[in-house]
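Visitor: Sharing coords-v1.txt here; it has compact mmCIF, C-alpha atoms.
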```txt
# COMPACT_ATOMS: atom_id res chain seq x y z
CA MET A 1 -17.58 -39.61 -124.11
CA SER A 2 -20.97 -39.46 -122.46
CA GLN A 3 -22.45 -42.95 -122.24
CA PHE A 4 -26.14 -43.20 -121.31
CA LEU A 5 -28.31 -46.29 -121.32
CA HIS A 6 -31.91 -46.29 -122.51
CA GLN A 7 -34.22 -44.96 -119.83
CA ARG A 8 -37.93 -44.30 -119.73
CA PRO A 9 -38.48 -40.61 -120.62
CA LEU A 10 -39.59 -38.26 -117.87
CA GLN A 11 -43.29 -37.45 -117.94
CA ASN A 12 -44.00 -33.98 -119.26
CA PRO A 13 -47.27 -32.19 -118.58
CA PHE A 14 -47.37 -30.76 -122.14
CA PHE A 15 -47.55 -34.23 -123.64
CA SER A 16 -50.02 -36.04 -121.37
CA ASP A 17 -52.94 -37.70 -123.12
CA PRO A 18 -56.15 -35.78 -122.32
CA TYR A 19 -58.28 -38.74 -123.39
CA PRO A 20 -56.67 -41.95 -122.14
CA ILE A 21 -58.16 -45.15 -123.53
CA SER A 22 -58.98 -47.82 -121.00
CA PRO A 23 -58.36 -51.51 -121.84
CA ARG A 24 -62.12 -52.02 -122.15
CA THR A 25 -62.48 -49.05 -124.50
CA SER A 26 -59.53 -50.10 -126.65
CA THR A 27 -60.98 -53.56 -127.20
CA SER A 28 -64.29 -52.24 -128.43
CA PHE A 29 -62.56 -49.61 -130.56
CA GLN A 30 -60.51 -52.11 -132.55
CA LYS A 31 -63.46 -54.13 -133.92
CA PRO A 32 -64.52 -51.68 -136.71
CA MET A 33 -60.97 -51.64 -138.05
CA PHE A 34 -61.50 -55.04 -139.59
CA LEU A 35 -64.24 -53.56 -141.77
CA LEU A 36 -61.86 -51.19 -143.54
CA ASN A 37 -61.11 -52.14 -147.11
CA ARG A 38 -57.64 -52.30 -148.68
CA THR A 39 -57.92 -48.85 -150.32
CA THR A 40 -58.72 -47.15 -147.01
CA LEU A 41 -55.85 -48.88 -145.26
CA LEU A 42 -53.43 -47.82 -148.00
CA LEU A 43 -54.62 -44.22 -147.73
CA LEU A 44 -54.13 -44.25 -143.96
CA LEU A 45 -50.67 -45.76 -144.34
CA SER A 46 -49.72 -43.14 -146.95
CA LEU A 47 -50.88 -40.35 -144.64
CA LEU A 48 -48.76 -41.69 -141.78
CA VAL A 49 -45.69 -41.88 -144.02
CA ILE A 50 -46.21 -38.31 -145.25
CA LEU A 51 -46.62 -37.03 -141.70
CA GLY A 52 -43.51 -38.91 -140.57
CA VAL A 53 -41.41 -37.35 -143.33
CA ILE A 54 -42.79 -33.82 -143.39
CA LEU A 55 -43.45 -32.98 -139.75
CA PRO A 56 -39.85 -33.19 -138.47
CA TRP A 57 -38.83 -30.56 -141.04
CA PHE A 58 -41.68 -28.11 -140.64
CA GLY A 59 -42.43 -28.49 -136.97
CA ALA A 60 -45.35 -30.23 -135.37
CA PRO A 61 -48.66 -28.42 -135.91
CA GLN A 62 -50.57 -27.17 -132.90
CA PHE A 63 -53.44 -29.66 -133.30
CA LEU A 64 -51.07 -32.56 -132.56
CA PHE A 65 -50.25 -31.03 -129.15
CA PRO A 66 -53.58 -29.69 -127.84
CA ASN A 67 -52.16 -29.18 -124.35
CA THR A 68 -49.38 -26.87 -125.57
CA PRO A 69 -50.23 -23.24 -124.74
CA SER A 70 -49.96 -20.81 -127.64
CA SER A 71 -47.35 -18.89 -125.66
CA LEU A 72 -45.09 -21.95 -125.94
CA ALA A 73 -46.06 -23.02 -129.46
CA LYS A 74 -44.38 -19.87 -130.81
CA TRP A 75 -40.98 -21.38 -129.98
CA ARG A 76 -41.35 -23.81 -132.91
CA ASP A 77 -40.41 -20.92 -135.20
CA TYR A 78 -37.50 -19.71 -133.05
CA THR A 79 -34.23 -20.02 -135.01
CA LEU A 80 -30.64 -20.66 -134.02
CA PRO A 81 -29.49 -17.17 -135.17
CA GLN A 82 -32.25 -15.58 -133.08
CA ALA A 83 -31.41 -17.68 -130.04
CA ALA A 84 -27.65 -17.12 -130.28
CA SER A 85 -28.18 -13.37 -130.59
CA PHE A 86 -30.45 -13.41 -127.53
CA VAL A 87 -28.12 -15.31 -125.18
CA ALA A 88 -24.67 -14.16 -126.34
CA LYS A 89 -22.73 -12.07 -123.85
CA ASN A 90 -19.40 -10.49 -124.79
CA GLY A 91 -19.62 -12.39 -128.06
CA THR A 92 -19.76 -15.81 -126.37
CA VAL A 93 -22.37 -18.58 -126.27
CA ILE A 94 -22.30 -21.67 -124.03
CA VAL A 95 -24.08 -24.56 -125.75
CA CYS A 96 -25.43 -27.94 -124.74
CA ALA A 97 -27.69 -30.40 -126.56
CA VAL A 98 -30.42 -32.04 -124.48
CA SER A 99 -33.29 -34.46 -124.89
CA GLN A 100 -36.12 -34.78 -122.37
CA PRO A 101 -34.74 -37.62 -120.18
CA TYR A 102 -31.62 -35.57 -119.37
CA LEU A 103 -33.40 -32.50 -118.01
CA PRO A 104 -32.24 -33.38 -114.45
CA PHE A 105 -28.62 -33.39 -115.70
CA LEU A 106 -29.24 -30.08 -117.46
CA ASN A 107 -30.53 -28.59 -114.23
CA ASN A 108 -27.54 -29.89 -112.26
CA TRP A 109 -25.13 -28.44 -114.82
CA LEU A 110 -27.00 -25.11 -114.84
CA ILE A 111 -26.77 -24.78 -111.06
CA SER A 112 -23.00 -25.13 -111.25
CA ILE A 113 -22.77 -22.59 -114.08
CA THR A 114 -25.00 -20.14 -112.22
CA ARG A 115 -22.59 -20.28 -109.29
CA GLN A 116 -19.89 -19.05 -111.69
CA LYS A 117 -22.25 -16.32 -113.03
CA HIS A 118 -22.23 -17.49 -116.66
CA GLN A 119 -25.80 -18.82 -116.93
CA ASP A 120 -27.03 -15.97 -119.12
CA LYS A 121 -24.78 -17.17 -121.96
CA VAL A 122 -26.33 -20.66 -122.03
CA LEU A 123 -28.23 -21.89 -125.07
CA VAL A 124 -29.96 -25.27 -124.83
CA ILE A 125 -30.29 -26.99 -128.19
CA ALA A 126 -33.43 -29.04 -127.59
CA GLU A 127 -33.49 -32.40 -129.33
CA ASP A 128 -37.26 -32.81 -128.91
CA TYR A 129 -40.29 -30.53 -128.56
CA ALA A 130 -40.85 -31.50 -124.93
CA THR A 131 -37.46 -30.06 -124.00
CA LEU A 132 -37.99 -26.97 -126.16
CA TYR A 133 -41.27 -26.15 -124.43
CA THR A 134 -40.15 -27.06 -120.90
CA VAL A 135 -37.01 -24.91 -120.97
CA ASN A 136 -38.63 -21.91 -122.66
CA GLN A 137 -41.60 -21.97 -120.31
CA LYS A 138 -39.24 -21.67 -117.35
CA TRP A 139 -36.49 -19.65 -119.03
CA PRO A 140 -37.80 -17.92 -122.17
CA GLY A 141 -35.44 -17.71 -125.12
CA HIS A 142 -32.78 -20.08 -123.83
CA ALA A 143 -33.80 -23.16 -125.86
CA VAL A 144 -34.05 -23.70 -129.59
CA LEU A 145 -34.87 -26.74 -131.70
CA VAL A 146 -33.01 -27.11 -134.99
CA PRO A 147 -35.18 -29.24 -137.31
CA PRO A 148 -35.50 -32.02 -138.06
CA ALA A 149 -35.96 -33.23 -134.50
CA PRO A 150 -34.42 -36.66 -133.83
CA ASP A 151 -36.71 -39.66 -133.83
CA SER A 152 -37.94 -39.65 -130.22
CA PRO A 153 -37.40 -37.96 -126.85
CA THR A 154 -35.69 -40.99 -125.35
CA ALA A 155 -32.28 -41.64 -123.86
CA HIS A 156 -30.29 -43.61 -126.39
CA LYS A 157 -27.80 -46.31 -125.46
CA PHE A 158 -24.18 -45.53 -126.23
CA GLY A 159 -23.28 -47.20 -129.52
CA SER A 160 -26.85 -47.21 -130.85
CA GLN A 161 -27.93 -45.57 -134.06
CA GLY A 162 -30.09 -43.18 -132.05
CA PHE A 163 -27.07 -42.09 -130.01
CA PHE A 164 -25.07 -41.54 -133.20
CA ASN A 165 -27.89 -39.52 -134.78
CA PHE A 166 -28.09 -37.40 -131.64
CA THR A 167 -24.37 -36.64 -131.29
CA SER A 168 -23.59 -36.35 -135.02
CA ARG A 169 -25.69 -33.17 -135.19
CA ARG A 170 -23.27 -31.42 -132.82
CA PRO A 171 -20.62 -30.15 -135.27
CA ARG A 172 -23.30 -28.67 -137.54
CA HIS A 173 -24.77 -26.69 -134.63
CA LEU A 174 -21.33 -25.48 -133.57
CA LEU A 175 -20.30 -24.56 -137.10
CA HIS A 176 -23.48 -22.52 -137.54
CA ILE A 177 -22.77 -20.56 -134.36
CA LEU A 178 -19.18 -19.94 -135.44
CA GLU A 179 -20.40 -18.69 -138.81
CA LEU A 180 -22.66 -16.24 -136.95
CA GLY A 181 -19.49 -14.77 -135.46
CA TYR A 182 -19.64 -16.00 -131.85
CA ASN A 183 -17.14 -17.68 -129.57
CA VAL A 184 -18.74 -20.96 -128.52
CA MET A 185 -18.19 -23.36 -125.64
CA TYR A 186 -19.83 -26.77 -125.87
CA ASN A 187 -20.46 -28.99 -122.82
CA ASP A 188 -22.21 -32.29 -122.33
CA VAL A 189 -24.66 -31.93 -119.44
CA ASP A 190 -23.14 -34.79 -117.44
CA MET A 191 -20.50 -32.22 -116.47
CA ILE A 192 -20.30 -29.89 -113.50
CA TRP A 193 -18.40 -26.63 -113.06
CA LEU A 194 -16.36 -26.18 -109.89
CA LYS A 195 -14.54 -23.05 -111.08
CA ASP A 196 -14.87 -20.51 -113.87
CA PRO A 197 -13.31 -22.24 -116.91
CA PHE A 198 -12.86 -19.15 -119.06
CA PRO A 199 -9.54 -17.99 -117.52
CA TYR A 200 -8.06 -21.24 -118.88
CA MET A 201 -8.97 -20.29 -122.45
CA LYS A 202 -5.70 -18.41 -122.82
CA GLY A 203 -4.44 -16.81 -126.00
CA ASN A 204 -6.18 -16.70 -129.33
CA HIS A 205 -6.14 -20.34 -130.36
CA ASP A 206 -8.77 -21.71 -132.72
CA VAL A 207 -9.93 -24.80 -130.83
CA TYR A 208 -9.51 -25.74 -127.14
CA PHE A 209 -10.20 -29.30 -125.97
CA THR A 210 -9.53 -31.88 -123.24
CA ASP A 211 -7.79 -35.25 -123.17
CA ASP A 212 -10.03 -38.24 -122.37
CA MET A 213 -7.14 -40.45 -121.25
CA THR A 214 -6.83 -41.40 -117.58
CA ALA A 215 -3.02 -41.50 -117.43
CA VAL A 216 -1.72 -38.75 -115.13
CA LYS A 217 0.10 -35.91 -116.87
CA PRO A 218 2.62 -33.56 -115.25
CA LEU A 219 1.11 -30.26 -114.17
CA ASP A 220 3.21 -28.46 -116.79
CA HIS A 221 2.28 -30.83 -119.62
CA SER A 222 2.34 -29.73 -123.25
CA HIS A 223 -0.72 -28.03 -124.71
CA ASP A 224 -0.11 -29.54 -128.14
CA LEU A 225 -2.39 -32.16 -129.65
CA PRO A 226 -1.30 -35.47 -128.07
CA PRO A 227 0.36 -38.04 -130.35
CA PRO A 228 -1.80 -40.75 -131.96
CA GLY A 229 -2.55 -43.88 -129.98
CA LYS A 230 -2.94 -47.49 -131.10
CA LYS A 231 -5.84 -46.65 -133.41
CA GLY A 232 -3.84 -43.99 -135.22
CA ARG A 233 -5.53 -41.07 -133.50
CA PRO A 234 -5.43 -39.39 -130.07
CA TYR A 235 -8.24 -39.76 -127.54
CA ILE A 236 -9.55 -36.22 -127.25
CA CYS A 237 -12.99 -35.75 -125.69
CA SER A 238 -15.66 -34.26 -127.93
CA CYS A 239 -17.77 -33.29 -124.92
CA MET A 240 -15.94 -30.11 -123.86
CA ILE A 241 -14.85 -27.79 -126.69
CA TYR A 242 -14.22 -24.05 -126.86
CA MET A 243 -13.69 -22.18 -130.14
CA HIS A 244 -13.19 -18.72 -131.54
CA PRO A 245 -15.02 -17.87 -134.80
CA THR A 246 -11.87 -18.26 -136.90
CA ALA A 247 -11.19 -19.93 -140.21
CA GLY A 248 -9.24 -22.64 -138.37
CA ALA A 249 -12.10 -23.52 -136.02
CA LYS A 250 -14.60 -23.61 -138.89
CA LEU A 251 -12.24 -25.87 -140.83
CA VAL A 252 -12.10 -28.33 -137.92
CA MET A 253 -15.91 -28.45 -137.69
CA LYS A 254 -16.27 -28.97 -141.44
CA LYS A 255 -13.72 -31.77 -141.36
CA TRP A 256 -15.55 -33.34 -138.39
CA ILE A 257 -18.79 -33.32 -140.39
CA GLU A 258 -16.96 -34.96 -143.32
CA GLU A 259 -15.53 -37.66 -141.07
CA LEU A 260 -18.98 -38.50 -139.68
CA GLN A 261 -20.38 -38.73 -143.19
CA ALA A 262 -17.53 -41.02 -144.22
CA GLU A 263 -18.03 -43.33 -141.22
CA PRO A 264 -21.79 -43.58 -140.66
CA TRP A 265 -23.36 -45.81 -138.06
CA SER A 266 -23.98 -49.44 -138.99
CA ARG A 267 -24.84 -52.58 -137.05
CA VAL A 268 -21.35 -53.88 -137.76
CA LYS A 269 -19.47 -50.68 -136.94
CA LYS A 270 -21.37 -48.87 -134.21
CA ALA A 271 -19.78 -45.47 -134.67
CA ASN A 272 -20.01 -42.43 -132.41
CA ASP A 273 -18.94 -38.85 -132.98
CA GLN A 274 -15.70 -38.80 -130.95
CA PRO A 275 -13.37 -40.70 -133.34
CA GLY A 276 -14.47 -38.36 -136.13
CA PHE A 277 -13.54 -35.35 -134.00
CA ASN A 278 -10.10 -36.83 -133.35
CA TRP A 279 -9.51 -37.53 -137.04
CA ALA A 280 -10.59 -33.98 -137.82
CA LEU A 281 -8.05 -32.61 -135.35
CA ILE A 282 -5.23 -34.70 -136.81
CA LYS A 283 -6.07 -33.79 -140.40
CA THR A 284 -6.31 -30.06 -139.69
CA ALA A 285 -3.44 -29.78 -137.20
CA GLY A 286 -1.26 -27.91 -139.69
CA GLN A 287 -4.02 -25.47 -140.61
CA ALA A 288 -5.71 -24.79 -137.27
CA ASP A 289 -4.25 -23.55 -133.98
CA LEU A 290 -5.12 -26.30 -131.48
CA TYR A 291 -4.80 -26.09 -127.68
CA LEU A 292 -4.97 -28.92 -125.14
CA LEU A 293 -6.43 -27.65 -121.86
CA PRO A 294 -4.71 -28.54 -118.55
CA GLN A 295 -5.63 -31.96 -117.21
CA ALA A 296 -5.73 -30.74 -113.61
CA ALA A 297 -8.53 -28.30 -114.46
CA PHE A 298 -10.44 -30.50 -116.92
CA PRO A 299 -10.03 -34.13 -115.82
CA THR A 300 -11.86 -37.01 -117.41
CA GLY A 301 -14.21 -38.98 -115.17
CA GLY A 302 -11.94 -42.01 -115.36
CA LEU A 303 -9.30 -39.99 -113.52
CA TYR A 304 -11.28 -37.73 -111.18
CA PHE A 305 -13.66 -40.38 -109.83
CA LYS A 306 -11.14 -43.23 -109.63
CA ASN A 307 -7.78 -41.78 -108.57
CA LYS A 308 -8.16 -40.43 -105.03
CA THR A 309 -4.45 -39.69 -104.71
CA TRP A 310 -4.44 -37.50 -107.82
CA VAL A 311 -7.60 -35.69 -106.71
CA LYS A 312 -6.00 -34.89 -103.37
CA GLU A 313 -2.76 -33.69 -105.00
CA THR A 314 -4.65 -31.39 -107.39
CA LYS A 315 -7.24 -30.13 -104.91
CA GLY A 316 -8.44 -26.64 -105.78
CA MET A 317 -7.32 -26.89 -109.41
CA HIS A 318 -10.43 -28.55 -110.88
CA ALA A 319 -12.67 -26.41 -113.11
CA ILE A 320 -15.02 -28.79 -115.00
CA ILE A 321 -15.57 -32.43 -114.06
CA HIS A 322 -16.93 -34.87 -116.63
CA ASN A 323 -19.01 -37.77 -115.29
CA ASN A 324 -17.95 -40.21 -118.00
CA TYR A 325 -16.24 -43.61 -117.89
CA ILE A 326 -19.47 -45.01 -116.50
CA ILE A 327 -22.52 -46.43 -118.26
CA GLY A 328 -26.07 -45.81 -117.14
CA PHE A 329 -28.35 -42.92 -116.29
CA GLU A 330 -28.89 -43.93 -112.65
CA LYS A 331 -25.24 -44.85 -112.13
CA LYS A 332 -24.15 -41.38 -113.20
CA ILE A 333 -26.58 -39.78 -110.77
CA LYS A 334 -25.41 -42.06 -107.95
CA ARG A 335 -21.76 -41.22 -108.60
CA PHE A 336 -22.53 -37.50 -108.56
CA HIS A 337 -24.40 -38.10 -105.29
CA ASP A 338 -21.50 -40.04 -103.80
CA PHE A 339 -19.07 -37.21 -104.55
CA GLY A 340 -21.40 -34.44 -103.40
CA LEU A 341 -21.88 -33.16 -106.95
CA TRP A 342 -25.62 -33.86 -107.45
CA LEU A 343 -27.03 -30.43 -106.66
CA VAL A 344 -30.58 -30.74 -108.00
CA ASP A 345 -32.21 -32.24 -104.92
CA ASP A 346 -31.20 -29.49 -102.48
CA HIS A 347 -30.35 -26.50 -104.68
CA ALA A 348 -32.85 -26.53 -107.56
CA GLU A 349 -33.84 -22.94 -106.75
CA GLU A 350 -30.35 -21.84 -107.91
CA SER A 351 -31.06 -23.00 -111.46
CA PRO A 352 -32.75 -20.68 -113.96
CA LEU A 353 -35.20 -23.56 -114.50
CA GLY A 354 -36.02 -23.96 -110.82
CA ARG A 355 -37.54 -27.26 -109.75
CA LEU A 356 -38.82 -28.97 -112.90
CA TRP A 357 -41.32 -31.48 -111.49
```
Starting from the coordinates I provided, produce the structure as C-alpha cells.

Guide:
Amino acid sequence: MSQFLHQRPLQNPFFSDPYPISPRTSTSFQKPMFLLNRTTLLLLLSLLVILGVILPWFGAPQFLFPNTPSSLAKWRDYTLPQAASFVAKNGTVIVCAVSQPYLPFLNNWLISITRQKHQDKVLVIAEDYATLYTVNQKWPGHAVLVPPAPDSPTAHKFGSQGFFNFTSRRPRHLLHILELGYNVMYNDVDMIWLKDPFPYMKGNHDVYFTDDMTAVKPLDHSHDLPPPGKKGRPYICSCMIYMHPTAGAKLVMKKWIEELQAEPWSRVKKANDQPGFNWALIKTAGQADLYLLPQAAFPTGGLYFKNKTWVKETKGMHAIIHNNYIIGFEKKIKRFHDFGLWLVDDHAEESPLGRLW
C-alpha cells in the first residue's frame, strides 16, 4: 500500500497569486473588517459555504483562476468517457490517480512506461485542478478530473481521512472504465516498470493482482487467491490491478465499493482502501475468476528493496517494482535513487510530460 507523509505541495505557475499581500498591506486591510455588522458577516459566511459545497461538483469558474489560460480551462468539462476513448489502445487503458505533490513520481513512472512503449494508453485521473491543467498542458487529453475534486492538492498522510478519501475513489473510477468496455490496468505512481507487464496477464481471467506479503514464494507458486491471514483476509495489494470488462470484474469493484461504505474512516478506526479490496476478493471468489500474478515479476517493496539474495536469484524476472513498505515522500525518492530507479533527474526528456519545473 502506498504510504506518503504530508508534504508541502509543489508550486504551480497556474495557481500563483498575481497580487501578493505584504505584511504591511495585510495589517491595514484588516481594520475595516471590524466595522462590518452581523448581517454582513452572516451573508459572507453563507456565500463561502455555498461556494464550498457547489464548486467541487460543477468545477471551479474561470474567475477564480485568472492565470489559467482558456486553452486549459476547457479541460474542466472533459469527461472520463471522453478521456478513456481518447487514450485507449487495443481496448486497454492504463490508469493512475495523482494529486499535485506526486507529479515527480508520475513523471518517473511515465518514463519507465515509455521505455516499454505503452505510454499512449495512460490516463491520469487528476485529483486536483493543478494536476489536470499541468498534465494536459504538456500532454493534451491524458488527464481528466472526476468531480468532486478532493479537498486540497496536498499529500495526505497514510491513515488520515484525506488519504482514505483519495484512495476510496479508486474502485468507482475503475468500475466506470470497465462499464465503458475497456480492459484497465491500475498502478500507483510509486511504481516503476522494468519490463512489459502485459505478457504476464495470461488467459482470460477477470481480475489480476499481486501479493503484498514479503515471504518468498516458489517460482512456480499457485495463482489462486492466497488463504486468509490472521485478520481473516489475505494481504493483496490494491495498487496494481488488471481487469477485463467482465461481469466478474465489475462484481469485484462493486463489492469493493460496498466494503468501503461499510467501513468508513473514523478517528478510532483509521481505514484505508486495501482491506476492503481484500474482503471484496474473498466474498466474490466463487463468482469471479481471480489470478495472482507471479511474485518474481511483481514483488512488493518489502521484498525487492530488503532481500538482496532474492533479488539476485530472480534477476531479469522483475516487471513492476512497488516502492512501498516505507513511509515518507523524500524517503521513497531516496530509495529509488539508491537503487538507480529515480529516472526524473537525468531522463525527464523521455517522459511525455518532459521536465515539469

Visitor: Got a sec: who's within 10 Å of A:Asn323, counting all atoms listed in the file, leaving out chain neighbours fewer than 2 positions off, as a PDB file with C-alpha atoms, in the coordinates of the input?

Guide:
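Okay, this is what ended up in part_17.pdb:
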```
ATOM      1  CA  MET A   1     -17.580 -39.610-124.110  1.00  0.00           C
ATOM      2  CA  SER A   2     -20.970 -39.460-122.460  1.00  0.00           C
ATOM      3  CA  GLN A   3     -22.450 -42.950-122.240  1.00  0.00           C
ATOM      4  CA  ASP A 188     -22.210 -32.290-122.330  1.00  0.00           C
ATOM      5  CA  VAL A 189     -24.660 -31.930-119.440  1.00  0.00           C
ATOM      6  CA  ASP A 190     -23.140 -34.790-117.440  1.00  0.00           C
ATOM      7  CA  MET A 191     -20.500 -32.220-116.470  1.00  0.00           C
ATOM      8  CA  ILE A 192     -20.300 -29.890-113.500  1.00  0.00           C
ATOM      9  CA  PRO A 299     -10.030 -34.130-115.820  1.00  0.00           C
ATOM     10  CA  THR A 300     -11.860 -37.010-117.410  1.00  0.00           C
ATOM     11  CA  GLY A 301     -14.210 -38.980-115.170  1.00  0.00           C
ATOM     12  CA  GLY A 302     -11.940 -42.010-115.360  1.00  0.00           C
ATOM     13  CA  TYR A 304     -11.280 -37.730-111.180  1.00  0.00           C
ATOM     14  CA  PHE A 305     -13.660 -40.380-109.830  1.00  0.00           C
ATOM     15  CA  ILE A 320     -15.020 -28.790-115.000  1.00  0.00           C
ATOM     16  CA  ILE A 321     -15.570 -32.430-114.060  1.00  0.00           C
ATOM     17  CA  TYR A 325     -16.240 -43.610-117.890  1.00  0.00           C
ATOM     18  CA  ILE A 326     -19.470 -45.010-116.500  1.00  0.00           C
ATOM     19  CA  ILE A 327     -22.520 -46.430-118.260  1.00  0.00           C
ATOM     20  CA  LYS A 331     -25.240 -44.850-112.130  1.00  0.00           C
ATOM     21  CA  LYS A 332     -24.150 -41.380-113.200  1.00  0.00           C
ATOM     22  CA  ILE A 333     -26.580 -39.780-110.770  1.00  0.00           C
ATOM     23  CA  ARG A 335     -21.760 -41.220-108.600  1.00  0.00           C
ATOM     24  CA  PHE A 336     -22.530 -37.500-108.560  1.00  0.00           C
ATOM     25  CA  LEU A 341     -21.880 -33.160-106.950  1.00  0.00           C
TER      26      LEU A 341
END
```

Visitor: Quick one: residues within 9 Å of A:Trp139, only C-alpha atoms counted, chain neighbours fewer than 5 positions away excluded, as a list in words?

Guide: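 Returned residues: Thr134, Pro352 and Leu353 of chain A.
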
Visitor: Check the smallest atom-to-atom distance from each of A:Tyr291, A:Trp279, A:Phe86, A:Tyr186 to A:His173 using all atoms listed in the file, then report the winner.

Guide: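 Of all the options, A:Tyr186 lies closest to A:His173.
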
Visitor: Pick the closest to A:Lys121 from A:Asn324, A:Thr92, A:Ser238, A:Gln274: which is it, counting all atoms listed in the file?

Guide: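 Nearest candidate to A:Lys121 out of A:Asn324, A:Thr92, A:Ser238, A:Gln274: A:Thr92.
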
Visitor: Between A:Gln295, A:Asn107, A:Gln100, A:Lys306, which is the closest to A:Lys217 once you count only C-alpha atoms?

Guide: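 Looking at the shortest contact to A:Lys217, the residue is A:Gln295.
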
Visitor: When you draw a straight line from atom CA of A:Val252 to atom CA of A:Ile236, how long is it in Å?

Guide: 13.5 Å

Visitor: Counting only C-alpha atoms, which residue out of A:Asn187, A:Ser70, A:Gln287, A:Thr210 sits closest to A:Val122?

Guide: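 Using only C-alpha atoms, A:Val122 sits closest to A:Asn187.
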
Visitor: Can you tell me, as JSON, the centre and edge lengths (Å, one decimal) of the axis-aligned box enclosing all of stretch 255-259 of chain A's listed atoms after padding each side by 5 Å?

Guide:
```
{"center_x": -16.3, "center_y": -34.7, "center_z": -140.9, "size_x": 15.1, "size_y": 15.9, "size_z": 14.9}
```
